[in-house]
Amino acid sequence: MRLQPLLLLLLRRLRIPPPPRLSPCISNLALTRRANSTAPPKSTAPPPLSPVSAALRQTMRLLPHPVIILTAPAPPTSSSPTSTSTSTTSTSSNAPTSTSSTSASANSTPPPGVGITLSTLTCLSLSPHPLITFNIKTPSRTSAAMHSTHTFTAHILSPSPHSAHLANAFAQLGAGAAGKRDVWAEIDGGGRVRDERGVPVLGVQEGVLTRLVCETETVVTVADHEIWVGRVVRVEGVGAGGEVQEGVYGLMYANRRFRKVGGEVRAEFGRGEEEDGSVGGEIV
């Protein structure tokens, strides 16, 4: 005798109703959840640019931009160091993608700090306080660290092949997550040279012309970028005597290539101009 008929008979005698069947809605919901659990992850690729955005990107490539390496202390952690990396894209499409690797395993020495390559740095004001500004695309581990430490150093690079190499190293051009390398290992001293604030600093061996020692003044969020304003507390020349070198211009980036400043272009002589082509002042 089969067991199932006996159980049904026993349930009838005890006046216990049999278990109900799942409704079609509940069954469909279960199937939907099962299908969603096995569905491939959604693509994280950025949406295509509009025609105006694409034209703006192409136009911005015609303009040279300064190449700056920015460093900051690693944020304080309460646990053992884990693997970290910085991924930031400069707001100018003309600039190299700024993604600096600061990886360190739990059993290795933690990185000395974070750093990125920028092409948006410019002077914002000289009075009443000297201020600079630059942009960082979010999310960014470097930005997160700077929010925590409120201090950083901007390194102005010389137009040399080694400086361009380090700019690429900090920008990690074309490197996927698995291909990022420890950029600090390519710096003299392994990035362990720090100032009194604990900020890793680059020197003349890395082709640095000048360092701008800064503190955070304010940060403004616009779309997927942060606009940083830093107060310059000290300007450090790395040449002989620590003076800022004159007549030596920094590394530039235009049309997806590193560049250096060429010859002078003298303006046509006209009303209100000097014989040497100047306007009797400075363009600001």
# chains A, B, ... in the order shown; residues from 1 in each chain; ligands from 1
>>> closest_atom_pairs(of="region 124-193 of chain A", to="region 60-75 of chain A", cutoff="8 Å", atoms="only C-alpha atoms", output="tab-separated table")
residue	atom	partner	partner_atom	distance
A:Thr142	CA	A:Ala72	CA	7.5
A:Ala144	CA	A:Pro75	CA	8.0
A:Ala145	CA	A:Pro75	CA	4.9
A:Met146	CA	A:Ala72	CA	6.5
A:Ser148	CA	A:Pro75	CA	6.2
A:Thr149	CA	A:Pro75	CA	6.5
A:Thr151	CA	A:Ala72	CA	6.5
A:Phe152	CA	A:Ala72	CA	4.5
A:Thr153	CA	A:Thr71	CA	5.5
A:Ala154	CA	A:Leu70	CA	4.5
A:His155	CA	A:Ile69	CA	5.2
A:Ile156	CA	A:Ile68	CA	5.3
A:Leu157	CA	A:Ile68	CA	6.5
A:Ala167	CA	A:Ile69	CA	6.7
A:Phe170	CA	A:Ile69	CA	7.4
>>> closest_residue(among="A:Thr77, A:Thr117, A:Thr133, A:Ser160", to="Val220 (chain A)", atoms="only C-alpha atoms")
A:Thr133
>>> select_by_dssp(residues="region 107-234 of chain A", states="alpha helix (DSSP H)", output="JSON, numbers by chain")
{"A": [141, 142, 143, 144, 145, 146, 147, 148, 149, 161, 162, 163, 164, 165, 166, 167, 168, 169, 170, 171]}
>>> closest_residue(among="A:Gly113, A:Gly230, A:Pro76, A:Gly198", to="Ser125 (chain A)", atoms="only C-alpha atoms")
A:Gly230
>>> residues_around(residues="Val238 (chain A)", least_positions_apart="2", cutoff="12 Å", atoms="only C-alpha atoms", output="list in words")
His155, Ile156, Leu157, Ser158, Val201, Leu202, Gly203, Val204, Gln205, Glu206, Gly207, Val208, Leu209, Thr210, Arg211, Leu212, Val235, Glu236, Ala240, Gly241, Gly242, Glu243, Val244 and Gln245 of chain A
>>> atom_distance(atom1="CA of Pro110 (chain A)", atom2="CA of Arg194 (chain A)")
14.4 Å
>>> residues_around(residues="region 122-124 of chain A", least_positions_apart="4", cutoff="9 Å", atoms="only C-alpha atoms", output="compact mmCIF listing (two decimals) with C-alpha atoms, in the first residue's frame")
# COMPACT_ATOMS: atom_id res chain seq x y z
CA PRO A 66 49.96 71.41 -17.68
CA PRO A 130 47.32 82.32 -2.98
CA LEU A 131 44.85 79.75 -4.28
CA ILE A 132 45.00 77.04 -6.93
CA THR A 133 42.19 74.93 -8.37
CA PHE A 134 41.86 71.60 -10.17
CA VAL A 229 40.48 74.81 -4.25
>>> atom_distance(atom1="CA of Asn255 (chain A)", atom2="CA of Thr138 (chain A)")
23.5 Å
>>> atom_distance(atom1="CA of Tyr249 (chain A)", atom2="CA of Pro159 (chain A)")
7.4 Å
>>> closest_residue(among="A:Asp224, A:Pro128, A:Pro112, A:Ser163", to="Trp184 (chain A)", atoms="only C-alpha atoms")
A:Pro112
>>> closest_residue(among="A:Arg12, A:His129, A:Arg266, A:His147", to="Glu226 (chain A)", atoms="only C-alpha atoms")
A:His147
